[in-house]
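For reference, the structure is listed below as structure tokens.
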Amino acid sequence: MSIKVARGQVTIIDQNDAVSLQAFVGSSQPLTQVYNKDSNAYVPSWVSAPFLILTPSLFVSGKAATDQITSIGNAATLTPGIKNGSAKWCKNGTAIATGQDSCTIGASSSKYALTVKANHMSTDTPHVRYSFEAVYIDANGLEIPFRAEIQFTQHLNAGAMIAAVAFAPDGVIFKNDEVATLRAHCDLWRGATIDTTNVTYAWGIRDSGVFAPTTLTAAAASGATTITVASVTNMEAGGKISIASAQYTVSSVNIATKVVTLTSGLSAAAASGVAVSSPYYNAMLGEGWSCLTSANPRGVTAGWTTNEITVTADAVLNFETFKCAIKDTDTSAGNASAGKVVCDILSFSDMSDPITVDLVSQKGFTIKNNGNDVDVRAALFRNGEELDATGTGYTYTWKLWNAAGTSVVKTYTGKSITVVKTDVTGKGTLMCEISK
């Protein structure tokens, strides 16, 4: 009979991370509804076709760009999908049933789309919020509840008033190259009708570095790399600045002294009082918005001065907000809104798998005894696969910041660069920005 002389034991644990869910609700109508008190009209009205149709979408990590909202899950068979009977719609937090409140809820095959055939907002309740809730069963049988909301606002228009109303006819989500472009549309409503005559349009993209015009408060000599201005609001490192006909890049901003340091010297002397401006500022849009033009398209391919722009996926990094400003240029007698500017904003989301950047160096990132340079390569990955191995598909812009992180010491371009030992004093921060 054998004798047991030792025994070993180990605990095996199976840890499965829950899948990541991202849910959205799309709308067939603008998020703003105009109510005209004079005519008692709603624009657009949800009472008549095409009604208001809200469609939920569900994207699950590991499921590429396929909308999973129509999938049916079963925990017993480990079939991933929506748990049967768990889907429901709510209006302002109260559950909605089919046939109630002029609402119809579609089947799972119809993406549980909610059709609203009544105007749910009024002058007393100018907001309404719809939410979709359900439970998703993952491949391990784990039940994961999720929820998505969408809110509408009513704008009261007395008839002579004007308002800008923006919406996205094709939706607001880019899904892993599923669509190449989406549209943003904005109209000027005068009373209960759209007015397209004697109006001027301007479109902008959110940009915190765009500032309102200011002036120099002290003269600056030719070649000077610092200037003193009346206001530094919205000025930031890396932003663009125009003095006379020349354009410069901001290296750092001292908020207390209002001294701005540039990455290059002035090409000509500038007297006190000379105008200083952002090249992308537009008075209709205001500060914080970069005006879209043919010279500054920012991924928008057409329509910069019309009521509709075409937005490409390249314009949206995770999430971007666009603003449309419309000016009433009708100066005819009796037009109380002549010269008035009205605005609305619209946001787009990028559902594509994110691109991650790894900065790698064969020599490491330490300069030892002033004996070596640092070679760095930017490696791009999406969904576990390397992108642009040759470095020809994207543009790589590098900035080396000083130890305090207040100014840019040097800039580089290219997928692979070399930071020479003389560029670094003590320590520095290297940043790489990738654009397409």
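In the structure tokens, the first chain shown is A, the next is B, and so on; residue numbers restart at 1 for each chain, and ligands run from 1 in the order shown.
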**OP:** Write out as JSON, numbers by chain each polymer residue whose atoms come within 12 Å of A:Val172, counting only C-alpha atoms; drop sequence neighbours fewer than 2 positions from it.
**Re:** {"A": [24, 25, 26, 27, 28, 30, 57, 166, 167, 168, 169, 170, 174, 175, 179, 181, 182, 183, 184, 185, 310, 311, 312, 313, 316, 318, 319, 320, 321, 322, 346, 347, 348, 349, 350, 351]}
**OP:** Would you please give, as number ranges by chain, all residues of stretch 199-395 of chain A that DSSP assigns to strand (DSSP E or B) based on the backbone?
**Re:** A: 199-206, 214-216, 220, 226-229, 240-243, 246-254, 259-262, 270, 275-277, 289-291, 300-302, 308-312, 319-328, 341-350, 355-360, 374-382, 385-387, 395
Excluding A:Trp304 and its own-chain neighbours fewer than 4 positions away, which residues fall within 7 Å of it when counting only C-alpha atoms? Please give them as a compact mmCIF listing (two decimals) with N, CA, C and O atoms, in the first residue's frame.
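The resulting file, around08.txt, is shown below:
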```txt
# COMPACT_ATOMS: atom_id res chain seq x y z
N ALA A 202 -23.05 80.77 -39.54
CA ALA A 202 -21.66 80.48 -39.17
C ALA A 202 -21.66 79.23 -38.31
O ALA A 202 -22.51 79.08 -37.41
N TRP A 203 -20.72 78.32 -38.58
CA TRP A 203 -20.60 77.08 -37.81
C TRP A 203 -19.26 77.07 -37.09
O TRP A 203 -18.24 77.51 -37.63
N LEU A 292 -15.55 77.40 -38.46
CA LEU A 292 -15.24 76.46 -39.55
C LEU A 292 -15.28 77.20 -40.89
O LEU A 292 -16.26 77.87 -41.21
N THR A 293 -14.22 77.04 -41.65
CA THR A 293 -14.11 77.65 -42.98
C THR A 293 -13.37 76.67 -43.89
O THR A 293 -12.89 75.63 -43.44
N ILE A 309 -24.01 71.37 -42.43
CA ILE A 309 -22.61 70.98 -42.64
C ILE A 309 -22.52 69.46 -42.71
O ILE A 309 -23.38 68.73 -42.19
```
Subject >> Selection near stretch 21-23 of chain A, 12 Å with only C-alpha atoms, sequence-local residues under 3 positions removed, as a PyMOL selection string >> reply: chain A and resi 18+26+55-63+65-69+81-82+131-138+143-150+173+175+349-352
May I have the residues from that selection written out with N, CA, C and O atoms, as a short mmCIF file (atom, residue, chain, number, x, y, z; two decimals), in the first residue's frame?
```cif
data_model
loop_
_atom_site.label_atom_id
_atom_site.label_comp_id
_atom_site.auth_asym_id
_atom_site.auth_seq_id
_atom_site.Cartn_x
_atom_site.Cartn_y
_atom_site.Cartn_z
N ALA A 18 -16.96 41.98 -16.39
CA ALA A 18 -18.23 42.23 -17.05
C ALA A 18 -17.99 43.02 -18.32
O ALA A 18 -17.07 43.83 -18.40
N GLY A 26 -31.66 57.43 -30.11
CA GLY A 26 -31.70 58.31 -31.27
C GLY A 26 -33.10 58.86 -31.49
O GLY A 26 -34.10 58.21 -31.15
N THR A 55 -35.39 55.64 -30.92
CA THR A 55 -34.85 54.30 -31.15
C THR A 55 -33.61 54.09 -30.30
O THR A 55 -32.62 54.80 -30.46
N PRO A 56 -33.64 53.11 -29.39
CA PRO A 56 -32.44 52.84 -28.58
C PRO A 56 -31.42 52.00 -29.35
O PRO A 56 -31.78 51.25 -30.27
N SER A 57 -30.16 52.16 -28.98
CA SER A 57 -29.08 51.35 -29.54
C SER A 57 -28.20 50.88 -28.39
O SER A 57 -28.03 51.59 -27.39
N LEU A 58 -27.65 49.68 -28.52
CA LEU A 58 -26.78 49.11 -27.49
C LEU A 58 -25.53 48.54 -28.14
O LEU A 58 -25.62 47.71 -29.05
N PHE A 59 -24.37 48.99 -27.68
CA PHE A 59 -23.10 48.49 -28.18
C PHE A 59 -22.35 47.83 -27.03
O PHE A 59 -22.25 48.38 -25.93
N VAL A 60 -21.86 46.63 -27.32
CA VAL A 60 -21.23 45.79 -26.30
C VAL A 60 -19.77 45.57 -26.67
O VAL A 60 -19.45 45.29 -27.83
N SER A 61 -18.88 45.71 -25.70
CA SER A 61 -17.46 45.48 -25.97
C SER A 61 -17.26 44.05 -26.47
O SER A 61 -17.86 43.10 -25.97
N GLY A 62 -16.43 43.92 -27.51
CA GLY A 62 -16.17 42.62 -28.11
C GLY A 62 -17.13 42.25 -29.20
O GLY A 62 -17.00 41.20 -29.84
N LYS A 63 -18.15 43.10 -29.45
CA LYS A 63 -19.15 42.82 -30.48
C LYS A 63 -18.99 43.74 -31.68
O LYS A 63 -19.93 43.97 -32.43
N ALA A 65 -18.95 46.62 -34.22
CA ALA A 65 -19.83 47.79 -34.36
C ALA A 65 -21.29 47.40 -34.51
O ALA A 65 -22.11 48.19 -34.94
N THR A 66 -21.64 46.17 -34.15
CA THR A 66 -23.00 45.68 -34.35
C THR A 66 -23.90 46.10 -33.20
O THR A 66 -23.58 45.86 -32.03
N ASP A 67 -25.02 46.72 -33.52
CA ASP A 67 -26.00 47.11 -32.52
C ASP A 67 -26.64 45.84 -31.95
O ASP A 67 -27.22 45.03 -32.68
N GLN A 68 -26.58 45.67 -30.63
CA GLN A 68 -27.07 44.45 -29.98
C GLN A 68 -28.48 44.60 -29.42
O GLN A 68 -28.95 43.70 -28.72
N ILE A 69 -29.17 45.70 -29.73
CA ILE A 69 -30.45 45.96 -29.10
C ILE A 69 -31.51 44.93 -29.49
O ILE A 69 -32.46 44.69 -28.74
N GLY A 81 -27.61 38.70 -24.82
CA GLY A 81 -28.64 39.52 -25.43
C GLY A 81 -29.51 40.17 -24.38
O GLY A 81 -29.27 40.07 -23.17
N ILE A 82 -30.58 40.85 -24.83
CA ILE A 82 -31.50 41.52 -23.93
C ILE A 82 -32.39 40.49 -23.25
O ILE A 82 -32.96 39.61 -23.90
N SER A 131 -36.61 57.75 -21.18
CA SER A 131 -35.50 56.85 -20.87
C SER A 131 -35.86 55.42 -21.25
O SER A 131 -37.02 55.01 -21.14
N PHE A 132 -34.86 54.70 -21.72
CA PHE A 132 -35.04 53.28 -22.07
C PHE A 132 -34.20 52.46 -21.10
O PHE A 132 -33.02 52.76 -20.88
N GLU A 133 -34.82 51.43 -20.52
CA GLU A 133 -34.13 50.57 -19.58
C GLU A 133 -34.30 49.11 -19.99
O GLU A 133 -35.33 48.72 -20.52
N ALA A 134 -33.28 48.31 -19.72
CA ALA A 134 -33.35 46.87 -20.00
C ALA A 134 -32.22 46.18 -19.24
O ALA A 134 -31.38 46.82 -18.60
N VAL A 135 -32.20 44.87 -19.32
CA VAL A 135 -31.15 44.05 -18.71
C VAL A 135 -30.46 43.26 -19.81
O VAL A 135 -31.13 42.60 -20.62
N TYR A 136 -29.14 43.36 -19.85
CA TYR A 136 -28.36 42.61 -20.84
C TYR A 136 -27.74 41.39 -20.17
O TYR A 136 -27.16 41.48 -19.08
N ILE A 137 -27.87 40.24 -20.80
CA ILE A 137 -27.26 39.00 -20.31
C ILE A 137 -25.99 38.74 -21.12
O ILE A 137 -26.04 38.68 -22.35
N ASP A 138 -24.85 38.63 -20.43
CA ASP A 138 -23.61 38.40 -21.17
C ASP A 138 -23.38 36.90 -21.37
O ASP A 138 -24.20 36.06 -20.96
N GLU A 143 -26.28 39.13 -15.49
CA GLU A 143 -27.29 40.11 -15.87
C GLU A 143 -26.80 41.52 -15.55
O GLU A 143 -26.44 41.82 -14.41
N ILE A 144 -26.78 42.39 -16.58
CA ILE A 144 -26.26 43.74 -16.42
C ILE A 144 -27.35 44.73 -16.83
O ILE A 144 -27.69 44.84 -18.01
N PRO A 145 -27.90 45.47 -15.87
CA PRO A 145 -28.91 46.48 -16.24
C PRO A 145 -28.25 47.69 -16.89
O PRO A 145 -27.12 48.06 -16.55
N PHE A 146 -28.94 48.31 -17.83
CA PHE A 146 -28.43 49.53 -18.45
C PHE A 146 -29.59 50.48 -18.73
O PHE A 146 -30.76 50.08 -18.71
N ARG A 147 -29.23 51.75 -18.99
CA ARG A 147 -30.25 52.78 -19.16
C ARG A 147 -29.71 53.88 -20.07
O ARG A 147 -28.52 54.21 -20.02
N ALA A 148 -30.55 54.45 -20.90
CA ALA A 148 -30.18 55.56 -21.77
C ALA A 148 -31.31 56.58 -21.77
O ALA A 148 -32.49 56.20 -21.70
N GLU A 149 -30.94 57.87 -21.84
CA GLU A 149 -31.93 58.93 -21.77
C GLU A 149 -31.82 59.88 -22.95
O GLU A 149 -30.77 59.99 -23.57
N ILE A 150 -32.91 60.58 -23.20
CA ILE A 150 -32.90 61.68 -24.16
C ILE A 150 -33.89 62.72 -23.67
O ILE A 150 -34.96 62.36 -23.13
N ILE A 173 -24.06 59.48 -34.08
CA ILE A 173 -23.08 58.49 -33.63
C ILE A 173 -22.31 57.91 -34.82
O ILE A 173 -22.92 57.40 -35.77
N LYS A 175 -19.95 54.86 -35.93
CA LYS A 175 -19.79 53.50 -35.41
C LYS A 175 -18.76 52.73 -36.22
O LYS A 175 -19.08 52.11 -37.23
N SER A 349 -20.94 61.78 -31.23
CA SER A 349 -20.11 60.82 -30.49
C SER A 349 -19.45 59.85 -31.46
O SER A 349 -20.02 59.50 -32.50
N ASP A 350 -18.24 59.42 -31.10
CA ASP A 350 -17.51 58.43 -31.88
C ASP A 350 -17.54 57.11 -31.12
O ASP A 350 -16.95 57.00 -30.04
N MET A 351 -18.24 56.11 -31.67
CA MET A 351 -18.34 54.80 -31.03
C MET A 351 -17.26 53.84 -31.51
O MET A 351 -17.28 52.67 -31.19
N SER A 352 -16.33 54.33 -32.31
CA SER A 352 -15.26 53.46 -32.81
C SER A 352 -14.37 53.02 -31.67
O SER A 352 -14.25 53.70 -30.64
#
```
**OP:** Can you work out which one of A:Gly384, A:Gly303, A:Gly238, A:Gly391 has the shortest atom-to-atom distance to A:Thr411, counting only C-alpha atoms?
**Re:** A:Gly238
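Minimum atom-to-atom distance to A:Val128, evaluated using only C-alpha atoms, belongs to A:Gly93 out of A:Gly93, A:Gly191, A:Gly106, A:Gly141.
Proximity to A:Val360 at 7 Å, evaluated using only C-alpha atoms and with sequence-adjacent residues fewer than 3 positions away removed, yields Val376, Arg377 and Ala378 of chain A.
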Output file for the residues above (N, CA and C atoms, as a PDB file, in the first residue's frame):
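This is the output file out-v2.pdb:
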```pdb
ATOM      1  N   VAL A 376      12.560  57.544 -29.618  1.00  0.00           N
ATOM      2  CA  VAL A 376      11.176  57.260 -29.256  1.00  0.00           C
ATOM      3  C   VAL A 376      10.361  56.984 -30.517  1.00  0.00           C
ATOM      4  N   ARG A 377       9.492  55.980 -30.403  1.00  0.00           N
ATOM      5  CA  ARG A 377       8.580  55.653 -31.512  1.00  0.00           C
ATOM      6  C   ARG A 377       7.163  55.597 -30.961  1.00  0.00           C
ATOM      7  N   ALA A 378       6.218  56.166 -31.707  1.00  0.00           N
ATOM      8  CA  ALA A 378       4.804  56.130 -31.321  1.00  0.00           C
ATOM      9  C   ALA A 378       4.146  54.919 -31.979  1.00  0.00           C
TER      10      ALA A 378
END
```
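Take the candidates A:Val250, A:Ala379, A:Val374, A:Ala95 and check each one against A:Ile355 using only C-alpha atoms; the shortest distance goes to A:Ala379.
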Got a sec: who's within 12 Å of A:Val276, counting only C-alpha atoms, leaving out chain neighbours fewer than 6 positions off, as a short mmCIF file (atom, residue, chain, number, x, y, z; two decimals) with C-alpha atoms, in the first residue's frame?
```cif
data_model
loop_
_atom_site.label_atom_id
_atom_site.label_comp_id
_atom_site.auth_asym_id
_atom_site.auth_seq_id
_atom_site.Cartn_x
_atom_site.Cartn_y
_atom_site.Cartn_z
CA VAL A 210 -10.18 80.60 -29.22
CA PHE A 211 -10.27 84.00 -27.52
CA ALA A 212 -12.04 87.31 -28.15
CA PRO A 213 -9.99 90.13 -29.74
CA THR A 214 -7.73 92.06 -27.39
CA THR A 215 -4.82 94.52 -27.67
CA LEU A 216 -1.21 94.92 -26.65
CA THR A 217 -0.78 96.99 -23.50
CA ILE A 227 4.00 90.23 -25.34
CA THR A 228 1.70 91.83 -22.77
CA VAL A 229 -2.00 91.93 -23.58
CA ALA A 230 -5.13 93.44 -22.07
CA SER A 231 -6.84 90.05 -21.59
CA VAL A 232 -5.59 86.46 -21.55
CA MET A 235 -5.48 81.94 -24.26
CA LYS A 240 -2.75 80.36 -32.27
CA ILE A 241 -2.48 84.13 -32.05
CA SER A 242 -2.46 86.83 -34.77
CA ILE A 243 -0.67 90.18 -34.55
CA ALA A 244 -1.03 92.37 -37.64
CA SER A 245 -0.78 89.92 -40.56
CA ALA A 246 1.52 87.42 -38.82
CA GLN A 247 0.46 84.31 -36.92
CA TYR A 248 2.26 82.82 -33.91
CA VAL A 260 2.14 85.68 -23.26
CA ALA A 270 4.26 96.12 -32.60
#
```
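One finds atom CA of A:Thr196 at 25.3 Å from atom CA of A:Val47.
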Original post:
Do you know which residues are at most 12 Å from stretch 325-329 of chain A counting only C-alpha atoms, after dropping those on the same chain fewer than 2 positions away, and could you put them as a VMD selection string?
Top reply: chain A and resid 161 to 166 185 to 190 195 to 205 282 to 286 289 291 to 292 304 to 308 322 to 323 331 to 332 335 to 346
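With only C-alpha atoms as the basis for measurement, A:Ile72 is the residue among A:Ile72, A:Ala268, A:Leu142, A:Met431 that approaches A:Ser109 most closely.
Counting only C-alpha atoms, the residue from A:Gln100, A:Ser252, A:Thr263, A:Ser290 that sits nearest to A:Ala224 is A:Thr263.
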